[in-house]
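> Contents of query_15.tsv (TSV, C-alpha atoms and all ligand atoms):
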chain	number	residue	atom	x	y	z
A	188	GLY	CA	-32.15	53.56	-7.93
A	189	HIS	CA	-34.69	51.24	-6.37
A	190	SER	CA	-36.36	51.88	-3.10
A	191	GLU	CA	-37.54	48.63	-1.47
A	192	ASP	CA	-39.95	50.61	0.58
A	193	ALA	CA	-41.65	52.28	-2.31
A	194	LEU	CA	-41.85	49.03	-4.26
A	195	THR	CA	-43.54	47.02	-1.54
A	196	ARG	CA	-45.79	49.64	-0.01
A	197	ILE	CA	-49.20	49.99	-1.53
A	198	ARG	CA	-51.14	52.98	-2.70
A	199	ASN	CA	-52.02	55.16	0.28
A	200	ILE	CA	-53.84	58.14	-1.23
A	201	GLU	CA	-57.35	57.69	-2.60
A	202	MET	CA	-57.62	60.79	-4.73
A	203	VAL	CA	-55.75	64.02	-5.40
A	204	GLU	CA	-57.38	67.25	-6.37
A	205	LEU	CA	-55.14	69.65	-8.27
A	206	GLY	CA	-56.63	72.73	-9.90
A	207	ARG	CA	-59.54	71.60	-12.04
A	208	PHE	CA	-58.46	67.94	-12.03
A	209	ARG	CA	-59.08	64.97	-9.80
A	210	MET	CA	-56.56	62.18	-10.20
A	211	VAL	CA	-56.49	58.64	-8.88
A	212	PRO	CA	-52.92	57.85	-7.78
A	213	TRP	CA	-51.10	54.83	-9.19
A	214	TYR	CA	-48.54	54.21	-6.44
A	215	PHE	CA	-47.50	54.85	-2.88
A	216	SER	CA	-46.15	58.26	-1.94
A	217	PRO	CA	-44.85	59.20	1.52
A	218	TYR	CA	-47.39	61.90	2.37
A	219	PRO	CA	-47.90	62.33	6.14
A	220	VAL	CA	-50.03	59.52	7.61
A	221	GLU	CA	-52.77	61.95	8.68
A	222	LEU	CA	-53.55	62.41	4.99
A	223	THR	CA	-53.69	58.78	4.02
A	224	ARG	CA	-57.13	57.67	5.11
A	225	LEU	CA	-59.01	60.61	3.62
A	226	PRO	CA	-61.31	60.36	0.58
A	227	ALA	CA	-59.15	62.98	-1.12
A	228	ILE	CA	-56.23	65.32	-0.57
A	229	TYR	CA	-56.12	68.82	-2.00
A	230	LEU	CA	-53.14	70.46	-3.61
A	231	CYS	CA	-52.61	74.12	-4.36
A	232	GLU	CA	-51.92	73.94	-8.07
A	233	PHE	CA	-49.35	76.75	-7.91
A	234	CYS	CA	-47.20	76.07	-4.82
A	235	LEU	CA	-48.20	72.36	-4.57
A	236	LYS	CA	-48.85	72.58	-0.83
A	237	PHE	CA	-51.01	69.63	0.26
A	238	LEU	CA	-54.08	70.12	2.46
A	239	LYS	CA	-56.54	67.78	4.09
A	240	SER	CA	-59.80	69.37	2.95
A	241	ALA	CA	-61.38	71.64	0.37
A	242	THR	CA	-61.99	74.20	3.13
A	243	CYS	CA	-58.32	74.27	4.08
A	244	LEU	CA	-57.41	74.67	0.43
A	245	ARG	CA	-59.82	77.57	0.04
A	246	ARG	CA	-58.27	79.28	3.03
A	247	HIS	CA	-54.81	78.66	1.63
A	248	LEU	CA	-55.75	80.09	-1.77
A	249	GLU	CA	-56.78	83.37	-0.15
A	250	LYS	CA	-53.21	83.79	1.07
A	251	CYS	CA	-51.22	82.06	-1.66
A	252	ARG	CA	-50.41	84.76	-4.14
A	253	ILE	CA	-48.26	82.91	-6.64
A	254	LYS	CA	-49.78	82.00	-9.97
A	255	HIS	CA	-46.84	80.12	-11.49
A	256	PRO	CA	-44.10	77.71	-10.42
A	257	PRO	CA	-41.20	79.39	-8.58
A	258	GLY	CA	-37.85	79.94	-10.28
A	259	ASN	CA	-36.99	81.39	-13.65
A	260	GLU	CA	-39.18	81.17	-16.68
A	261	ILE	CA	-36.59	80.04	-19.23
A	262	TYR	CA	-38.86	79.23	-22.14
A	263	ARG	CA	-42.12	80.54	-23.52
A	264	ASN	CA	-43.83	79.74	-26.78
A	265	ASP	CA	-47.50	80.68	-27.11
A	266	ASN	CA	-49.08	79.42	-23.91
A	267	LEU	CA	-46.38	76.86	-23.08
A	268	SER	CA	-43.66	77.75	-20.55
A	269	PHE	CA	-40.80	76.09	-18.73
A	270	PHE	CA	-39.62	77.14	-15.28
A	271	GLU	CA	-36.25	76.17	-13.85
A	272	VAL	CA	-36.63	75.48	-10.14
A	273	ASP	CA	-33.61	75.02	-7.90
A	274	GLY	CA	-34.18	72.19	-5.41
A	275	ARG	CA	-32.12	73.99	-2.80
A	276	ARG	CA	-33.56	77.47	-3.14
A	277	ASN	CA	-37.14	76.26	-3.53
A	278	LYS	CA	-37.09	73.26	-1.24
A	279	PHE	CA	-40.77	73.46	-0.24
A	280	TYR	CA	-41.94	73.41	-3.84
A	281	ALA	CA	-39.41	70.77	-4.90
A	282	GLN	CA	-40.38	68.40	-2.08
A	283	ASN	CA	-44.07	68.84	-2.79
A	284	LEU	CA	-43.42	68.20	-6.48
A	285	CYS	CA	-41.56	64.97	-5.62
A	286	LEU	CA	-44.43	63.80	-3.41
A	287	LEU	CA	-46.94	64.47	-6.16
A	288	ALA	CA	-44.76	62.79	-8.79
A	289	LYS	CA	-44.21	59.70	-6.66
A	290	LEU	CA	-47.94	58.98	-6.91
A	291	PHE	CA	-47.29	58.12	-10.58
A	292	LEU	CA	-43.74	56.73	-10.45
A	293	ASP	CA	-43.20	53.36	-8.86
A	294	HIS	CA	-39.54	52.55	-9.28
A	295	LYS	CA	-37.94	55.83	-8.42
A	296	THR	CA	-36.41	56.73	-5.12
A	297	LEU	CA	-38.00	59.78	-3.70
A	298	TYR	CA	-35.39	62.38	-3.05
A	299	TYR	CA	-36.09	64.06	0.26
A	300	ASP	CA	-32.87	65.85	-0.37
A	301	THR	CA	-33.80	67.98	-3.34
A	302	ASP	CA	-30.67	70.17	-3.07
A	303	PRO	CA	-28.67	68.41	-5.81
A	304	PHE	CA	-31.49	68.73	-8.39
A	305	LEU	CA	-32.96	71.20	-10.78
A	306	PHE	CA	-36.62	70.80	-11.71
A	307	TYR	CA	-37.84	71.82	-15.14
A	308	VAL	CA	-41.56	72.42	-14.82
A	309	MET	CA	-43.71	72.68	-17.92
A	310	ALA	CA	-46.82	74.81	-17.51
A	311	GLU	CA	-49.70	76.02	-19.64
A	312	LYS	CA	-50.80	79.60	-19.29
A	313	ASP	CA	-54.34	80.92	-19.28
A	314	ASP	CA	-56.02	83.93	-17.68
A	315	ARG	CA	-55.88	82.28	-14.24
A	316	GLY	CA	-52.18	81.47	-14.22
A	317	PHE	CA	-49.58	78.90	-15.24
A	318	HIS	CA	-50.91	75.38	-14.74
A	319	ILE	CA	-48.44	72.58	-14.20
A	320	VAL	CA	-48.57	69.90	-16.92
A	321	GLY	CA	-45.46	67.89	-16.06
A	322	TYR	CA	-41.77	68.15	-15.24
A	323	PHE	CA	-38.43	66.47	-15.27
A	324	SER	CA	-35.70	66.63	-12.66
A	325	LYS	CA	-32.00	66.76	-13.41
A	326	GLU	CA	-28.94	66.43	-11.21
A	327	LYS	CA	-26.85	69.59	-11.05
A	328	GLU	CA	-23.78	67.38	-11.48
A	329	SER	CA	-24.24	63.93	-12.95
A	330	ALA	CA	-21.29	61.57	-12.88
A	331	ASP	CA	-23.11	59.27	-15.33
A	332	GLU	CA	-24.08	62.05	-17.72
A	333	TYR	CA	-27.77	61.62	-17.03
A	334	ASN	CA	-29.77	64.53	-18.38
A	335	VAL	CA	-33.04	63.45	-16.74
A	336	ALA	CA	-33.58	61.85	-13.33
A	337	CYS	CA	-37.38	61.62	-13.17
A	338	ILE	CA	-39.90	62.63	-15.81
A	339	LEU	CA	-43.65	62.90	-15.47
A	340	VAL	CA	-46.68	64.15	-17.34
A	341	LEU	CA	-49.70	64.40	-15.04
A	342	PRO	CA	-52.35	61.83	-16.03
A	343	PRO	CA	-54.96	64.28	-17.38
A	344	TYR	CA	-52.34	65.54	-19.86
A	345	GLN	CA	-50.85	62.18	-20.87
A	346	LYS	CA	-50.82	60.78	-24.41
A	347	LYS	CA	-51.13	64.20	-26.00
A	348	GLY	CA	-47.48	64.72	-26.91
A	349	TYR	CA	-46.34	66.57	-23.76
A	350	GLY	CA	-43.96	63.78	-22.78
A	351	ARG	CA	-42.24	64.19	-26.10
A	352	LEU	CA	-41.94	67.95	-25.46
A	353	LEU	CA	-40.33	67.37	-22.05
A	354	ILE	CA	-37.86	64.91	-23.55
A	355	GLU	CA	-37.08	67.25	-26.45
A	356	PHE	CA	-36.50	70.07	-23.96
A	357	SER	CA	-34.09	67.94	-21.91
A	358	TYR	CA	-31.98	67.34	-25.01
A	359	GLU	CA	-32.07	71.03	-25.94
A	360	LEU	CA	-30.50	71.75	-22.53
A	361	SER	CA	-27.83	69.13	-23.21
A	362	LYS	CA	-27.12	70.69	-26.61
A	363	ARG	CA	-26.56	74.06	-24.91
A	364	GLU	CA	-24.20	72.34	-22.49
A	365	GLY	CA	-22.36	70.77	-25.41
A	366	LYS	CA	-22.87	67.34	-23.88
A	367	THR	CA	-24.68	64.15	-24.62
A	368	GLY	CA	-27.13	62.77	-22.10
A	369	SER	CA	-29.45	59.92	-21.28
A	370	PRO	CA	-32.30	59.33	-18.84
A	371	GLU	CA	-31.54	57.69	-15.51
A	372	LYS	CA	-32.22	53.95	-15.39
A	373	PRO	CA	-34.41	52.02	-14.87
A	374	LEU	CA	-37.04	53.48	-17.19
A	375	SER	CA	-40.70	52.66	-16.66
A	376	ASP	CA	-42.59	50.96	-19.51
A	377	LEU	CA	-44.18	54.27	-20.45
A	378	GLY	CA	-40.82	56.01	-20.12
A	379	LEU	CA	-39.16	53.52	-22.45
A	380	LEU	CA	-41.96	53.82	-25.02
A	381	SER	CA	-41.68	57.59	-24.98
A	382	TYR	CA	-37.88	57.67	-25.23
A	383	ARG	CA	-37.82	55.08	-28.04
A	384	SER	CA	-40.34	57.11	-29.96
A	385	PHE	CA	-38.39	60.35	-29.47
A	386	TRP	CA	-35.03	58.80	-30.32
A	387	SER	CA	-36.39	57.16	-33.48
A	388	ALA	CA	-38.07	60.33	-34.69
A	389	THR	CA	-35.01	62.48	-34.00
A	390	ILE	CA	-32.53	60.12	-35.63
A	391	ILE	CA	-34.67	59.40	-38.68
A	392	GLU	CA	-35.15	63.12	-39.15
A	393	LYS	CA	-31.38	63.71	-39.19
A	394	LEU	CA	-30.78	60.80	-41.56
A	395	ILE	CA	-33.35	62.09	-44.02
A	396	GLU	CA	-32.12	65.68	-43.70
A	397	TYR	CA	-28.54	64.84	-44.56
A	398	LYS	CA	-27.39	63.85	-47.97
A	399	THR	CA	-27.12	60.22	-48.78
A	400	THR	CA	-24.82	58.40	-51.15
A	401	TRP	CA	-26.30	55.83	-53.45
A	402	GLN	CA	-24.50	52.54	-53.10
A	403	GLY	CA	-25.55	51.04	-56.43
A	404	ASN	CA	-26.79	47.90	-54.74
A	405	GLY	CA	-30.23	49.28	-53.99
A	406	GLN	CA	-29.00	50.89	-50.82
A	407	GLU	CA	-28.66	54.44	-49.69
A	408	ARG	CA	-26.23	55.37	-47.01
A	409	PRO	CA	-26.27	58.60	-45.03
A	410	MET	CA	-23.17	60.77	-44.86
A	411	LEU	CA	-23.43	60.60	-41.09
A	412	SER	CA	-21.79	58.40	-38.51
A	413	VAL	CA	-23.09	57.36	-35.11
A	414	VAL	CA	-20.81	59.95	-33.55
A	415	ASP	CA	-22.19	62.67	-35.86
A	416	LEU	CA	-25.75	61.73	-34.95
A	417	SER	CA	-24.90	61.74	-31.27
A	418	THR	CA	-23.16	65.13	-31.45
A	419	MET	CA	-25.98	66.76	-33.40
A	420	THR	CA	-28.80	65.48	-31.20
A	421	SER	CA	-27.07	65.15	-27.79
A	422	ILE	CA	-28.50	61.61	-27.66
A	423	ARG	CA	-25.90	59.36	-26.10
A	424	LYS	CA	-24.01	57.10	-28.55
A	425	GLU	CA	-25.33	53.87	-27.02
A	426	ASP	CA	-28.91	55.13	-27.39
A	427	VAL	CA	-28.24	56.12	-31.02
A	428	ILE	CA	-26.94	52.63	-31.75
A	429	SER	CA	-29.79	50.81	-30.00
A	430	THR	CA	-32.29	52.98	-31.88
A	431	LEU	CA	-30.65	52.30	-35.24
A	432	GLN	CA	-30.65	48.58	-34.45
A	433	GLN	CA	-34.30	48.66	-33.52
A	434	LEU	CA	-35.12	50.42	-36.76
A	435	ASN	CA	-33.02	47.84	-38.59
A	436	LEU	CA	-30.79	50.57	-40.04
A	437	TYR	CA	-27.51	49.37	-38.58
A	438	LYS	CA	-25.92	46.67	-40.70
A	439	TYR	CA	-22.68	44.75	-40.58
A	440	TYR	CA	-20.95	44.78	-43.96
A	441	HIS	CA	-17.44	43.64	-44.83
A	442	GLY	CA	-16.19	43.77	-41.29
A	443	GLN	CA	-17.79	47.02	-40.20
A	444	TYR	CA	-21.07	48.55	-39.14
A	445	VAL	CA	-22.78	50.93	-41.52
A	446	ILE	CA	-25.95	52.97	-41.31
A	447	VAL	CA	-28.38	52.33	-44.15
A	448	ILE	CA	-31.56	54.09	-45.20
A	449	THR	CA	-34.56	52.14	-46.44
A	450	ASP	CA	-37.67	53.25	-48.34
A	451	GLU	CA	-39.70	52.03	-45.44
A	452	ILE	CA	-38.01	54.53	-43.16
A	453	LYS	CA	-38.96	57.38	-45.49
A	454	HIS	CA	-42.59	56.41	-45.03
A	455	VAL	CA	-42.13	56.22	-41.27
A	456	TYR	CA	-40.63	59.73	-41.46
A	457	GLU	CA	-43.62	61.17	-43.32
A	458	LYS	CA	-46.07	59.61	-40.90
A	459	MET	CA	-44.10	60.98	-37.94
A	460	GLN	CA	-43.97	64.49	-39.35
A	461	ARG	CA	-47.74	64.52	-39.61
A	462	LYS	CA	-48.17	63.28	-36.06
A	463	ILE	CA	-45.87	65.70	-34.22
A	464	LYS	CA	-47.91	68.84	-33.70
A	465	VAL	CA	-45.99	70.98	-31.23
A	466	ARG	CA	-42.21	71.15	-30.93
A	467	ILE	CA	-39.69	72.95	-28.81
A	468	ASP	CA	-38.37	76.04	-30.55
A	469	PRO	CA	-34.72	76.31	-29.42
A	470	ARG	CA	-34.66	80.05	-30.22
A	471	ARG	CA	-37.10	80.62	-27.38
A	472	LEU	CA	-34.89	78.97	-24.80
A	473	GLN	CA	-33.33	81.73	-22.66
A	474	TRP	CA	-30.79	79.70	-20.78
A	475	THR	CA	-27.07	79.19	-20.43
A	476	PRO	CA	-25.45	76.41	-18.42
A	477	ARG	CA	-24.07	77.34	-14.97
A	478	ASP	CA	-20.28	77.80	-14.97
B	501	LIG	N1	-49.59	53.40	-24.39
B	501	LIG	C1	-48.92	53.28	-25.55
B	501	LIG	N2	-48.03	54.21	-25.99
B	501	LIG	C2	-47.83	55.27	-25.22
B	501	LIG	C3	-48.49	55.47	-23.99
B	501	LIG	C4	-49.41	54.48	-23.60
B	501	LIG	N3	-50.11	54.60	-22.45
B	501	LIG	N4	-48.08	56.63	-23.45
B	501	LIG	C5	-47.20	57.16	-24.31
B	501	LIG	N5	-47.03	56.34	-25.38
B	501	LIG	C6	-46.17	56.57	-26.53
B	501	LIG	C7	-46.91	57.44	-27.50
B	501	LIG	O1	-47.64	56.65	-28.41
B	501	LIG	C8	-45.81	58.22	-28.13
B	501	LIG	O2	-45.20	57.49	-29.16
B	501	LIG	P1	-45.58	57.74	-30.71
B	501	LIG	O3	-45.52	59.22	-30.93
B	501	LIG	O4	-44.53	56.99	-31.42
B	501	LIG	O5	-46.95	57.17	-30.84
B	501	LIG	C9	-44.77	58.35	-27.04
B	501	LIG	O6	-45.03	57.31	-26.13
B	501	LIG	C10	-44.81	59.70	-26.35
B	501	LIG	O7	-46.14	60.06	-26.10
B	501	LIG	P2	-46.52	61.36	-25.31
B	501	LIG	O8	-47.98	61.64	-25.51
B	501	LIG	O9	-45.58	62.46	-25.64
B	501	LIG	O10	-46.26	60.86	-23.81
B	501	LIG	P3	-46.93	61.38	-22.46
B	501	LIG	O11	-47.25	62.83	-22.55
B	501	LIG	O12	-48.05	60.49	-22.09
B	501	LIG	O13	-45.72	61.22	-21.43
B	501	LIG	C11	-44.62	59.80	-19.84
B	501	LIG	C12	-44.97	60.04	-21.33
B	501	LIG	C13	-43.88	61.03	-19.30
B	501	LIG	C14	-43.72	58.59	-19.71
B	501	LIG	C15	-45.97	59.61	-19.08
B	501	LIG	O14	-46.57	58.43	-19.54
B	501	LIG	C16	-45.81	59.50	-17.58
B	501	LIG	O15	-45.66	60.51	-16.90
B	501	LIG	N6	-45.89	58.28	-17.03
B	501	LIG	C17	-45.82	58.05	-15.58
B	501	LIG	C18	-44.45	58.34	-15.02
B	501	LIG	C19	-43.35	57.59	-15.76
B	501	LIG	O16	-43.44	56.41	-16.01
B	501	LIG	N7	-42.27	58.32	-16.09
B	501	LIG	C20	-41.08	57.77	-16.72
B	501	LIG	C21	-40.25	57.04	-15.70
B	501	LIG	S1	-38.59	56.76	-16.25
B	501	LIG	C22	-37.71	58.16	-15.75
B	501	LIG	O17	-38.24	58.91	-14.98
B	501	LIG	C23	-36.33	58.39	-16.28
B	502	ZN	ZN	-50.27	77.73	-2.79
Let's see the structure in the file written out as structure tokens.

Amino acid sequence: GHSEDALTRIRNIEMVELGRFRMVPWYFSPYPVELTRLPAIYLCEFCLKFLKSATCLRRHLEKCRIKHPPGNEIYRNDNLSFFEVDGRRNKFYAQNLCLLAKLFLDHKTLYYDTDPFLFYVMAEKDDRGFHIVGYFSKEKESADEYNVACILVLPPYQKKGYGRLLIEFSYELSKREGKTGSPEKPLSDLGLLSYRSFWSATIIEKLIEYKTTWQGNGQERPMLSVVDLSTMTSIRKEDVISTLQQLNLYKYYHGQYVIVITDEIKHVYEKMQRKIKVRIDPRRLQWTPRD
């Protein structure tokens, strides 16, 4: 939901240093006031503790032994890992992650109470440790069947396909749960762009994969319904329909809606396949839903 406070208050942090990156924040985040008038704040890239100077950070790093996010590593493929962090058991980390994320999210309420959330942190491994790339949070119980609350790729990693990986991962979790899901509203402009792109790619892929019947009138129709698509992908029915409509593949014929396939969409499919470089490999996900 909206937070009036966060919407009206202006950016309060000049610069954040995190590992080898320096980032200019986009929005307000409720860091303690003592930190707000400094030229930069310094974050431990592993536990996300915030400090007021480079010296303080150096001192912290001598004591801070962790080299990866807390919680369970539930996925690893090459150098890409996901950690599941419980907002109750790892409150310090979860709160620090929310503070960091808020710098790049304007319309989201910051949850001081992290207890009801799980945080799926994506990290890249090298010889120095697991470096946070981005994350999404997810309610442990969602009445509205949301499978993502907040999603973020840190600015230095944006526009490289990581957002797509986070989204794909969130739907893999939903598949394991045997549920459909959708991101919490409202979406940011960048969030909407990323979800539209993922939904289109995923649905087109299924349509092409499954056999089609030739209609004789220049049209091909897939042997799949909206419900089939939703079940196979865990994308909520409404999102499947809006995606089909956007792609102009959902037509009203003789009193009912049908899904059609066009030649144009086959070209879109080929272009997409070339563009997507890394994907989530579901076989590497070591995770079962809680009870
Ligand atoms: N301009 C145009 N298109 C963009 C941009 C951009 N700045 N950023 C992403 N896209 C498009 C890409 O072109 C791509 O589509 P395509 O493959 O069809 O070309 C698609 O979005 C995904 O691109 P990725 O590189 O995978 O996205 P990225 O790694 O940058 O992550 C994200 C996307 C998570 C939304 C990132 O921009 C971000 O963290 N933004 C700030 C926080 C935010 O707005 N989060 C979403 C809030 S809504 C919610 O939390 C439920
Ligand atoms: Zn630390």
> What separation in Å, quoted to one decimal, exists between atom CA of A:Pro257 and atom CA of A:Val272?
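These atoms are spaced 6.2 Å apart.
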> Which residues are near A:Phe306? Cut-off 12 Å, only C-alpha atoms, ignore same chain within fewer than 3 positions. Put them as a PyMOL selection string.
chain A and resi 256-261+269-278+280-285+288+301-303+309+321-327+334-339+353+357
> Would you write out those residues with C-alpha atoms, as an mmCIF file, in the frame of the given file?

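Listing of part-v2.cif after writing:
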data_model
loop_
_atom_site.group_PDB
_atom_site.id
_atom_site.type_symbol
_atom_site.label_atom_id
_atom_site.label_comp_id
_atom_site.auth_asym_id
_atom_site.auth_seq_id
_atom_site.Cartn_x
_atom_site.Cartn_y
_atom_site.Cartn_z
ATOM 1 C CA PRO A 256 -44.100 77.710 -10.420
ATOM 2 C CA PRO A 257 -41.200 79.390 -8.580
ATOM 3 C CA GLY A 258 -37.850 79.940 -10.280
ATOM 4 C CA ASN A 259 -36.990 81.390 -13.650
ATOM 5 C CA GLU A 260 -39.180 81.170 -16.680
ATOM 6 C CA ILE A 261 -36.590 80.040 -19.230
ATOM 7 C CA PHE A 269 -40.800 76.090 -18.730
ATOM 8 C CA PHE A 270 -39.620 77.140 -15.280
ATOM 9 C CA GLU A 271 -36.250 76.170 -13.850
ATOM 10 C CA VAL A 272 -36.630 75.480 -10.140
ATOM 11 C CA ASP A 273 -33.610 75.020 -7.900
ATOM 12 C CA GLY A 274 -34.180 72.190 -5.410
ATOM 13 C CA ARG A 275 -32.120 73.990 -2.800
ATOM 14 C CA ARG A 276 -33.560 77.470 -3.140
ATOM 15 C CA ASN A 277 -37.140 76.260 -3.530
ATOM 16 C CA LYS A 278 -37.090 73.260 -1.240
ATOM 17 C CA TYR A 280 -41.940 73.410 -3.840
ATOM 18 C CA ALA A 281 -39.410 70.770 -4.900
ATOM 19 C CA GLN A 282 -40.380 68.400 -2.080
ATOM 20 C CA ASN A 283 -44.070 68.840 -2.790
ATOM 21 C CA LEU A 284 -43.420 68.200 -6.480
ATOM 22 C CA CYS A 285 -41.560 64.970 -5.620
ATOM 23 C CA ALA A 288 -44.760 62.790 -8.790
ATOM 24 C CA THR A 301 -33.800 67.980 -3.340
ATOM 25 C CA ASP A 302 -30.670 70.170 -3.070
ATOM 26 C CA PRO A 303 -28.670 68.410 -5.810
ATOM 27 C CA MET A 309 -43.710 72.680 -17.920
ATOM 28 C CA GLY A 321 -45.460 67.890 -16.060
ATOM 29 C CA TYR A 322 -41.770 68.150 -15.240
ATOM 30 C CA PHE A 323 -38.430 66.470 -15.270
ATOM 31 C CA SER A 324 -35.700 66.630 -12.660
ATOM 32 C CA LYS A 325 -32.000 66.760 -13.410
ATOM 33 C CA GLU A 326 -28.940 66.430 -11.210
ATOM 34 C CA LYS A 327 -26.850 69.590 -11.050
ATOM 35 C CA ASN A 334 -29.770 64.530 -18.380
ATOM 36 C CA VAL A 335 -33.040 63.450 -16.740
ATOM 37 C CA ALA A 336 -33.580 61.850 -13.330
ATOM 38 C CA CYS A 337 -37.380 61.620 -13.170
ATOM 39 C CA ILE A 338 -39.900 62.630 -15.810
ATOM 40 C CA LEU A 339 -43.650 62.900 -15.470
ATOM 41 C CA LEU A 353 -40.330 67.370 -22.050
ATOM 42 C CA SER A 357 -34.090 67.940 -21.910
#
> Using all atoms listed in the file, find each residue with an atom at most 12 Å away from ligand ZN 502 (chain B) and format the answer as a ChimeraX atom specification.
/A:205-206,229-238,243-257,279-280,283
> Give as a PyMOL selection string the residues surrounding ligand LIG 501 (chain B) up to a distance of 9 Å, considering all atoms listed in the file.
chain A and resi 213+288-295+321-324+335-342+344-354+369-385+387-388+459+462-463
> Please list as a PyMOL selection string every residue within 12 Å of A:Arg477, counting all atoms listed in the file and excluding residues in the same chain fewer than 3 positions away.
chain A and resi 305+327-328+360+363-364+474
> Within 12 Å of A:Glu221, counting all atoms listed in the file, which residues qualify if same-chain residues fewer than 5 places away don't, as a VMD selection string?
chain A and resid 199 to 200 226 to 228 237 to 240
